[in-house]
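Q: The structure that follows is given in the form of structure tokens.
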Amino acid sequence: MTDSTTTPYYDPYDFDIDADPYPVWRRLRNEAPLYYNEKYDFYALTRFEDVERVSLEWQTYISGKGSVLELIKSGLVMPPGNILFEDPPSHDLHRGLLARVFTPRRMAAIEPQVREFCARSLDPLVGSGGFDFVRDIGAQMPMRTIGMLLGIPEDHQEAIRDQIDEGMRLADGAMPDRDQSYSVTMGSGFEEYIDWRVDHPSDDLMTELINAELEEPDGTRRKLTREEVLSYVGLIAAAGNETTTRLIGWTGKVLAENPEQRAEIVADPGLVPNAIEELLRYEAPSPIQARYVTRDVEHYGTTVPEGSVMCVITASANRDERRFDDPDRFDIHRKIDHHLTFGFGIHFCLGAALARLEGRVALDEVLKRFPTWEVDWDNAERAHTTTVRGWESLPVFTR
Amino acid sequence: MPGWRVVVDFDLCESNAICAGLAPEVFEVRDDDFLYLLEEQPPDALREQVQDAVRQCPKQAISIEES
């Protein structure tokens with residue numbers, strides 16, 4: 001249905017485009033592999049090869065001015081310690097503290113607890129005729145898991161999660177104004193626990209961060225400041241809640257649309273891990289990343305000047321026909337070399353193993369109780385935030 | 001005969017263990033959660049698997065050096 005006489009237009013703040021951006025992204029890949037948006041003054045790359053290369057060339061495409069379009073445009077100075085908005089060497093020093101906290105091995109150790117969180121959410125819903133993939137499980141289990149890892153008391157987890165979600169919400173058709181509070185809200189709500197944990201150490205990440213020693217570029221070692229601990233904790237909470245919540249929402253939607261494949265997984269739960277991998281490829285929860293360009297670079301014969309904002313559309317790269325056969329087909333048997341949903345290179349998602357575990361366990365536990373469902377489209381609701389694409393609510397009928 | 005060897009940047013490695021899944025004869029993540037390079041100069045028969053590991057390592061911490 002695309003009109004080939006016009007130039008394709010992509011706008012990350014337009015809710016109508018966001019509802020199904022794949023046709024526009026396909027046109028960008030084929031007709032404007034280097035895209036320039038005049039309205040918001042940014043460039044975009046959409047092909048797998050380009051997105052992967054930009055992700056690896058961190059010297060040219062930096063994160064130090066933010067990794068979200070409107071954040072870079074705001075010109076705010078990023079506070080230290082948020083590794084999403086840092087470059088080497090400080091990025092590597094700060095990331096090093098967390099690098100071995102979320103490894104596949106360490107995440108495998110918490111699988112029983114993650115299963116238990118799923119059971120707590122799902123068991124009461126058995127026999128009720130339906131449930132909400134996002135509100136009942138997607139927004140619950142990841143919050144409990146990250147809350148457990150950080151050591152946040154359960155009765156405070158919801159308030160903190162809602163505050164984070166609110167801070168990232170978008171209004172239709174406009175680039176939001178971001179003031180300094182944006183980067184700070186990521187940490188808010190945690191101050192009291194950090195102060196309390198200083199006096200009451202426990203076996204959790206917050207205690208680990210309070211006691212951690214950071215090596216400065218000159219080799220000296222020091223403890224983290226309170227602000228830095230806050231920054232780490234806020235980032236972990238935000239990243240650990242929001243994205244996996246959307247993955248679980250997409251799981252409900254895409255499998256409802258592919259009932260034969262869902263039935264195959266029910267018959268053989270060994271298919272779950274690859275189904276999650278394909279879901280990650282097919283509907284990337286965080287579809288677009290932004291970088292600040294530090295020198296003039298050329299793409300497809302056009303010079304992108306120093307100081308520009310380059311967006312890399314990872315969700316488009318995952319649907320690049322140059323890389324994946326029949327990319328718009330969802331196929332739980334697809335052999336995926338690698339997708340770019342978690343990024344690639346130095347900023348590769350630190351929580352990838354946790355997200356995979358949570359996605360896998362959630363699907364497994366849902367299918368055990370509800371082998372079939374249909375989406376209640378009249379009541380489904382999209383999420384519109386600055387960093388993710390997905391569902392705010394995805395109610396389903398089970399029978 | 002020209003040879004090749006596997007090089008791992010252990011400062012970059014975060015034990016994602018993708019390589020260990022693709023080429024278990026060459027890469028192993030042990031109980032201490034660190035990556036061990038089992039064979040620095042693996043036989044040519046393993047080259048394709050090592051190349052897969054180089055390409056898929058999310059931190060791009062592995063490379064092949066020709067000698």
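Following the order of the structure tokens, first chain is A, next is B, and so on, with residues numbered from 1 inside each chain and ligands from 1 in the order they appear.
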Taking only C-alpha atoms into account, which residues of chain A are within 8 Å of chain B, as a PyMOL selection string?

A: chain A and resi 99-100+103-105+337-338+343-346+348+353

Q: Could you write out the selected residues, including C-alpha atoms, as a short mmCIF file (atom, residue, chain, number, x, y, z; two decimals), in the first residue's frame?

A:
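Heads up, here's the output in out-v5.cif:
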```
data_model
loop_
_atom_site.label_atom_id
_atom_site.label_comp_id
_atom_site.auth_asym_id
_atom_site.auth_seq_id
_atom_site.Cartn_x
_atom_site.Cartn_y
_atom_site.Cartn_z
CA ALA A 99 29.55 -6.70 34.07
CA ARG A 100 29.43 -10.00 35.94
CA THR A 103 25.77 -13.28 33.33
CA PRO A 104 23.84 -16.27 31.98
CA ARG A 105 25.28 -18.40 34.76
CA ASP A 337 22.68 -16.08 13.68
CA HIS A 338 22.22 -12.96 15.78
CA GLY A 343 22.38 -3.88 20.58
CA PHE A 344 25.91 -4.98 19.76
CA GLY A 345 29.40 -4.12 20.95
CA ILE A 346 30.31 -2.10 24.03
CA PHE A 348 25.32 -4.65 24.40
CA ALA A 353 20.56 -13.02 29.89
#
```

Q: Would you mind listing what lies within 12 Å of A:Ala267 as a list in words, with only C-alpha atoms counted and same-chain residues fewer than 5 positions away left out?

A: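 These residues fall inside the cut-off: Glu260, Gln261, Arg262, Val272, Asp364, Leu367, Lys368 and Pro371 of chain A.
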
Q: Let me see the file: selected residues, C-alpha atoms, as a CSV table (one decimal), in the first residue's frame.

A:
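The resulting file, part_35.csv, is shown below:
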```
chain,number,residue,atom,x,y,z
A,260,GLU,CA,-0.4,-23.2,15.1
A,261,GLN,CA,3.1,-22.3,16.3
A,262,ARG,CA,1.8,-21.8,19.8
A,272,VAL,CA,10.5,-22.1,24.0
A,364,ASP,CA,6.6,-21.5,29.7
A,367,LEU,CA,1.5,-22.1,28.3
A,368,LYS,CA,1.3,-24.6,31.2
A,371,PRO,CA,-2.5,-23.3,26.1
```

Q: If we count only C-alpha atoms and set the cut-off at 12 Å, which residues sit around A:Tyr40, ignoring sequence neighbours fewer than 3 positions away in its own chain? Please answer as a PDB file with N, CA and C atoms, in the first residue's frame.

A:
```
ATOM      1  N   TYR A   9       8.439   8.763   4.858  1.00  0.00           N
ATOM      2  CA  TYR A   9       8.584   9.635   6.025  1.00  0.00           C
ATOM      3  C   TYR A   9       8.524   8.808   7.296  1.00  0.00           C
ATOM      4  N   TYR A  10       9.516   8.977   8.150  1.00  0.00           N
ATOM      5  CA  TYR A  10       9.492   8.289   9.439  1.00  0.00           C
ATOM      6  C   TYR A  10       9.618   9.290  10.577  1.00  0.00           C
ATOM      7  N   ASP A  11       8.712   9.140  11.532  1.00  0.00           N
ATOM      8  CA  ASP A  11       8.656  10.061  12.663  1.00  0.00           C
ATOM      9  C   ASP A  11       8.447   9.225  13.935  1.00  0.00           C
ATOM     10  N   PRO A  12       9.454   9.203  14.795  1.00  0.00           N
ATOM     11  CA  PRO A  12       9.346   8.332  15.979  1.00  0.00           C
ATOM     12  C   PRO A  12       8.301   8.798  16.984  1.00  0.00           C
ATOM     13  N   TYR A  13       7.802  10.037  16.818  1.00  0.00           N
ATOM     14  CA  TYR A  13       6.822  10.558  17.781  1.00  0.00           C
ATOM     15  C   TYR A  13       5.385  10.460  17.266  1.00  0.00           C
ATOM     16  N   ASP A  14       5.216   9.909  16.056  1.00  0.00           N
ATOM     17  CA  ASP A  14       3.881   9.808  15.472  1.00  0.00           C
ATOM     18  C   ASP A  14       3.268   8.452  15.847  1.00  0.00           C
ATOM     19  N   TYR A  36      17.073  11.169   6.235  1.00  0.00           N
ATOM     20  CA  TYR A  36      17.179  12.401   7.005  1.00  0.00           C
ATOM     21  C   TYR A  36      15.783  12.935   7.298  1.00  0.00           C
ATOM     22  N   ASN A  37      15.509  13.213   8.556  1.00  0.00           N
ATOM     23  CA  ASN A  37      14.219  13.780   8.951  1.00  0.00           C
ATOM     24  C   ASN A  37      14.420  15.258   9.257  1.00  0.00           C
ATOM     25  N   TYR A  43      19.358  11.911  11.409  1.00  0.00           N
ATOM     26  CA  TYR A  43      19.583  10.918  10.364  1.00  0.00           C
ATOM     27  C   TYR A  43      19.198   9.543  10.921  1.00  0.00           C
ATOM     28  N   ALA A  44      18.917   8.611  10.008  1.00  0.00           N
ATOM     29  CA  ALA A  44      18.609   7.262  10.487  1.00  0.00           C
ATOM     30  C   ALA A  44      19.163   6.213   9.536  1.00  0.00           C
ATOM     31  N   LEU A  69      16.851  10.249  21.157  1.00  0.00           N
ATOM     32  CA  LEU A  69      16.849  11.415  20.275  1.00  0.00           C
ATOM     33  C   LEU A  69      16.616  12.732  21.021  1.00  0.00           C
ATOM     34  N   GLU A  70      15.502  12.822  21.768  1.00  0.00           N
ATOM     35  CA  GLU A  70      15.199  14.116  22.378  1.00  0.00           C
ATOM     36  C   GLU A  70      16.172  14.487  23.488  1.00  0.00           C
ATOM     37  N   ILE A  72      19.501  13.894  23.360  1.00  0.00           N
ATOM     38  CA  ILE A  72      20.660  14.503  22.702  1.00  0.00           C
ATOM     39  C   ILE A  72      20.302  15.919  22.278  1.00  0.00           C
ATOM     40  N   LYS A  73      19.090  16.071  21.708  1.00  0.00           N
ATOM     41  CA  LYS A  73      18.651  17.382  21.237  1.00  0.00           C
ATOM     42  C   LYS A  73      18.517  18.391  22.379  1.00  0.00           C
ATOM     43  N   SER A  74      18.226  17.905  23.582  1.00  0.00           N
ATOM     44  CA  SER A  74      18.036  18.821  24.707  1.00  0.00           C
ATOM     45  C   SER A  74      19.347  19.491  25.102  1.00  0.00           C
ATOM     46  N   GLY A 173       2.760  12.983  18.569  1.00  0.00           N
ATOM     47  CA  GLY A 173       3.108  13.979  17.579  1.00  0.00           C
ATOM     48  C   GLY A 173       4.080  15.062  17.998  1.00  0.00           C
ATOM     49  N   ALA A 174       4.779  14.881  19.093  1.00  0.00           N
ATOM     50  CA  ALA A 174       5.702  15.937  19.513  1.00  0.00           C
ATOM     51  C   ALA A 174       6.923  15.357  20.187  1.00  0.00           C
ATOM     52  N   MET A 175       8.033  16.061  20.027  1.00  0.00           N
ATOM     53  CA  MET A 175       9.232  15.673  20.751  1.00  0.00           C
ATOM     54  C   MET A 175       9.120  16.257  22.159  1.00  0.00           C
ATOM     55  N   PRO A 176       9.220  15.418  23.175  1.00  0.00           N
ATOM     56  CA  PRO A 176       9.052  15.957  24.529  1.00  0.00           C
ATOM     57  C   PRO A 176      10.233  16.831  24.953  1.00  0.00           C
ATOM     58  N   SER A 308      25.731  15.869  14.171  1.00  0.00           N
ATOM     59  CA  SER A 308      24.387  15.374  13.839  1.00  0.00           C
ATOM     60  C   SER A 308      23.953  14.310  14.845  1.00  0.00           C
ATOM     61  N   VAL A 309      22.656  14.020  14.820  1.00  0.00           N
ATOM     62  CA  VAL A 309      22.158  12.875  15.579  1.00  0.00           C
ATOM     63  C   VAL A 309      21.880  11.742  14.588  1.00  0.00           C
ATOM     64  N   MET A 310      22.458  10.572  14.875  1.00  0.00           N
ATOM     65  CA  MET A 310      22.217   9.392  14.050  1.00  0.00           C
ATOM     66  C   MET A 310      21.356   8.417  14.839  1.00  0.00           C
ATOM     67  N   CYS A 311      20.193   8.079  14.276  1.00  0.00           N
ATOM     68  CA  CYS A 311      19.360   7.056  14.900  1.00  0.00           C
ATOM     69  C   CYS A 311      19.632   5.729  14.209  1.00  0.00           C
TER      70      CYS A 311
END
```

Q: Using DSSP on the backbone coordinates, identify the residues of stretch 251-372 of chain A assigned to alpha helix (DSSP H); present them as an NGL selection string.

A: :A and (251-257 or 259-267 or 272-282 or 314-317 or 352-369)

Q: Hey, can you spit out that residue selection with N, CA and C atoms as a compact mmCIF listing (two decimals), in the first residue's frame?

A:
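Okay, this is what ended up in selection-v4.txt:
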```
# COMPACT_ATOMS: atom_id res chain seq x y z
N THR A 251 4.82 -11.22 23.32
CA THR A 251 4.65 -12.68 23.32
C THR A 251 3.17 -13.03 23.24
N GLY A 252 2.36 -12.34 24.05
CA GLY A 252 0.92 -12.60 24.05
C GLY A 252 0.28 -12.28 22.72
N LYS A 253 0.70 -11.17 22.13
CA LYS A 253 0.09 -10.73 20.87
C LYS A 253 0.50 -11.64 19.70
N VAL A 254 1.79 -11.83 19.54
CA VAL A 254 2.29 -12.55 18.36
C VAL A 254 1.87 -14.01 18.38
N LEU A 255 1.88 -14.63 19.55
CA LEU A 255 1.47 -16.05 19.59
C LEU A 255 -0.04 -16.21 19.39
N ALA A 256 -0.81 -15.20 19.79
CA ALA A 256 -2.25 -15.25 19.51
C ALA A 256 -2.48 -15.21 18.00
N GLU A 257 -1.62 -14.50 17.29
CA GLU A 257 -1.74 -14.40 15.83
C GLU A 257 -1.18 -15.62 15.11
N PRO A 259 -1.49 -19.22 16.08
CA PRO A 259 -1.93 -20.30 16.98
C PRO A 259 -1.31 -21.66 16.67
N GLU A 260 -0.98 -21.93 15.38
CA GLU A 260 -0.38 -23.25 15.08
C GLU A 260 1.01 -23.35 15.71
N GLN A 261 1.75 -22.25 15.66
CA GLN A 261 3.09 -22.29 16.26
C GLN A 261 2.98 -22.37 17.79
N ARG A 262 2.00 -21.68 18.34
CA ARG A 262 1.78 -21.76 19.79
C ARG A 262 1.49 -23.21 20.20
N ALA A 263 0.65 -23.89 19.40
CA ALA A 263 0.32 -25.29 19.70
C ALA A 263 1.56 -26.18 19.64
N GLU A 264 2.46 -25.86 18.70
CA GLU A 264 3.71 -26.62 18.61
C GLU A 264 4.54 -26.48 19.88
N ILE A 265 4.58 -25.26 20.42
CA ILE A 265 5.36 -25.04 21.64
C ILE A 265 4.72 -25.75 22.82
N VAL A 266 3.39 -25.73 22.86
CA VAL A 266 2.69 -26.45 23.94
C VAL A 266 3.07 -27.93 23.89
N ALA A 267 3.11 -28.48 22.67
CA ALA A 267 3.43 -29.90 22.52
C ALA A 267 4.90 -30.18 22.81
N VAL A 272 10.63 -23.39 23.38
CA VAL A 272 10.47 -22.07 24.01
C VAL A 272 11.68 -21.13 23.81
N PRO A 273 12.92 -21.59 24.07
CA PRO A 273 14.04 -20.64 23.94
C PRO A 273 14.14 -20.01 22.55
N ASN A 274 14.00 -20.83 21.50
CA ASN A 274 14.11 -20.25 20.16
C ASN A 274 12.91 -19.38 19.81
N ALA A 275 11.75 -19.73 20.39
CA ALA A 275 10.56 -18.89 20.18
C ALA A 275 10.80 -17.51 20.77
N ILE A 276 11.42 -17.44 21.94
CA ILE A 276 11.72 -16.14 22.56
C ILE A 276 12.74 -15.37 21.73
N GLU A 277 13.73 -16.10 21.19
CA GLU A 277 14.73 -15.45 20.35
C GLU A 277 14.06 -14.84 19.11
N GLU A 278 13.13 -15.59 18.52
CA GLU A 278 12.42 -15.09 17.34
C GLU A 278 11.50 -13.92 17.72
N LEU A 279 10.89 -13.99 18.89
CA LEU A 279 10.06 -12.86 19.35
C LEU A 279 10.92 -11.61 19.53
N LEU A 280 12.11 -11.80 20.08
CA LEU A 280 13.02 -10.66 20.26
C LEU A 280 13.39 -10.04 18.91
N ARG A 281 13.63 -10.91 17.92
CA ARG A 281 13.95 -10.41 16.59
C ARG A 281 12.75 -9.70 15.97
N TYR A 282 11.59 -10.33 16.08
CA TYR A 282 10.40 -9.93 15.34
C TYR A 282 9.80 -8.64 15.88
N THR A 314 17.14 -0.54 15.27
CA THR A 314 17.49 -1.95 15.46
C THR A 314 16.34 -2.86 15.02
N ALA A 315 15.11 -2.42 15.28
CA ALA A 315 13.96 -3.26 14.92
C ALA A 315 13.83 -3.39 13.40
N SER A 316 14.31 -2.40 12.67
CA SER A 316 14.32 -2.49 11.20
C SER A 316 15.44 -3.42 10.75
N ALA A 317 16.59 -3.31 11.39
CA ALA A 317 17.72 -4.19 11.05
C ALA A 317 17.30 -5.66 11.20
N ALA A 352 20.74 -8.85 29.03
CA ALA A 352 20.22 -9.76 27.99
C ALA A 352 19.90 -11.15 28.54
N ALA A 353 20.79 -11.67 29.37
CA ALA A 353 20.56 -13.02 29.89
C ALA A 353 19.35 -13.04 30.83
N LEU A 354 19.17 -11.95 31.57
CA LEU A 354 18.01 -11.85 32.45
C LEU A 354 16.72 -11.75 31.63
N ALA A 355 16.75 -10.92 30.59
CA ALA A 355 15.57 -10.76 29.73
C ALA A 355 15.19 -12.08 29.08
N ARG A 356 16.21 -12.81 28.59
CA ARG A 356 15.94 -14.10 27.94
C ARG A 356 15.33 -15.08 28.94
N LEU A 357 15.91 -15.10 30.14
CA LEU A 357 15.38 -15.99 31.18
C LEU A 357 13.93 -15.64 31.50
N GLU A 358 13.66 -14.35 31.71
CA GLU A 358 12.31 -13.94 32.08
C GLU A 358 11.32 -14.23 30.96
N GLY A 359 11.72 -13.97 29.72
CA GLY A 359 10.85 -14.23 28.58
C GLY A 359 10.52 -15.71 28.46
N ARG A 360 11.54 -16.51 28.61
CA ARG A 360 11.41 -17.96 28.49
C ARG A 360 10.51 -18.52 29.60
N VAL A 361 10.79 -18.12 30.84
CA VAL A 361 10.02 -18.65 31.97
C VAL A 361 8.57 -18.17 31.90
N ALA A 362 8.37 -16.91 31.54
CA ALA A 362 7.00 -16.38 31.45
C ALA A 362 6.19 -17.18 30.43
N LEU A 363 6.78 -17.41 29.24
CA LEU A 363 6.05 -18.14 28.20
C LEU A 363 5.75 -19.57 28.66
N ASP A 364 6.75 -20.20 29.23
CA ASP A 364 6.60 -21.55 29.74
C ASP A 364 5.46 -21.66 30.76
N GLU A 365 5.46 -20.74 31.71
CA GLU A 365 4.46 -20.80 32.79
C GLU A 365 3.06 -20.42 32.29
N VAL A 366 3.00 -19.50 31.33
CA VAL A 366 1.70 -19.16 30.73
C VAL A 366 1.13 -20.39 30.02
N LEU A 367 1.97 -21.01 29.16
CA LEU A 367 1.48 -22.13 28.35
C LEU A 367 1.05 -23.33 29.20
N LYS A 368 1.71 -23.52 30.34
CA LYS A 368 1.32 -24.61 31.24
C LYS A 368 -0.11 -24.45 31.72
N ARG A 369 -0.53 -23.21 31.90
CA ARG A 369 -1.87 -22.93 32.45
C ARG A 369 -2.88 -22.57 31.37
```

Q: Show me, as a list of chain:residue names, the residues that have an atom within 7 Å of A:Thr60 when counting only C-alpha atoms, minus same-chain residues fewer than 6 positions from it.

A: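 My reading of the contact set: A:Val293, A:Thr294, A:Arg295.
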
Q: Find the residues near A:Glu228: any atom within 9 Å, counting only C-alpha atoms, skip ones fewer than 5 places away on the same chain, and give them as a count of residues only.

A: 5
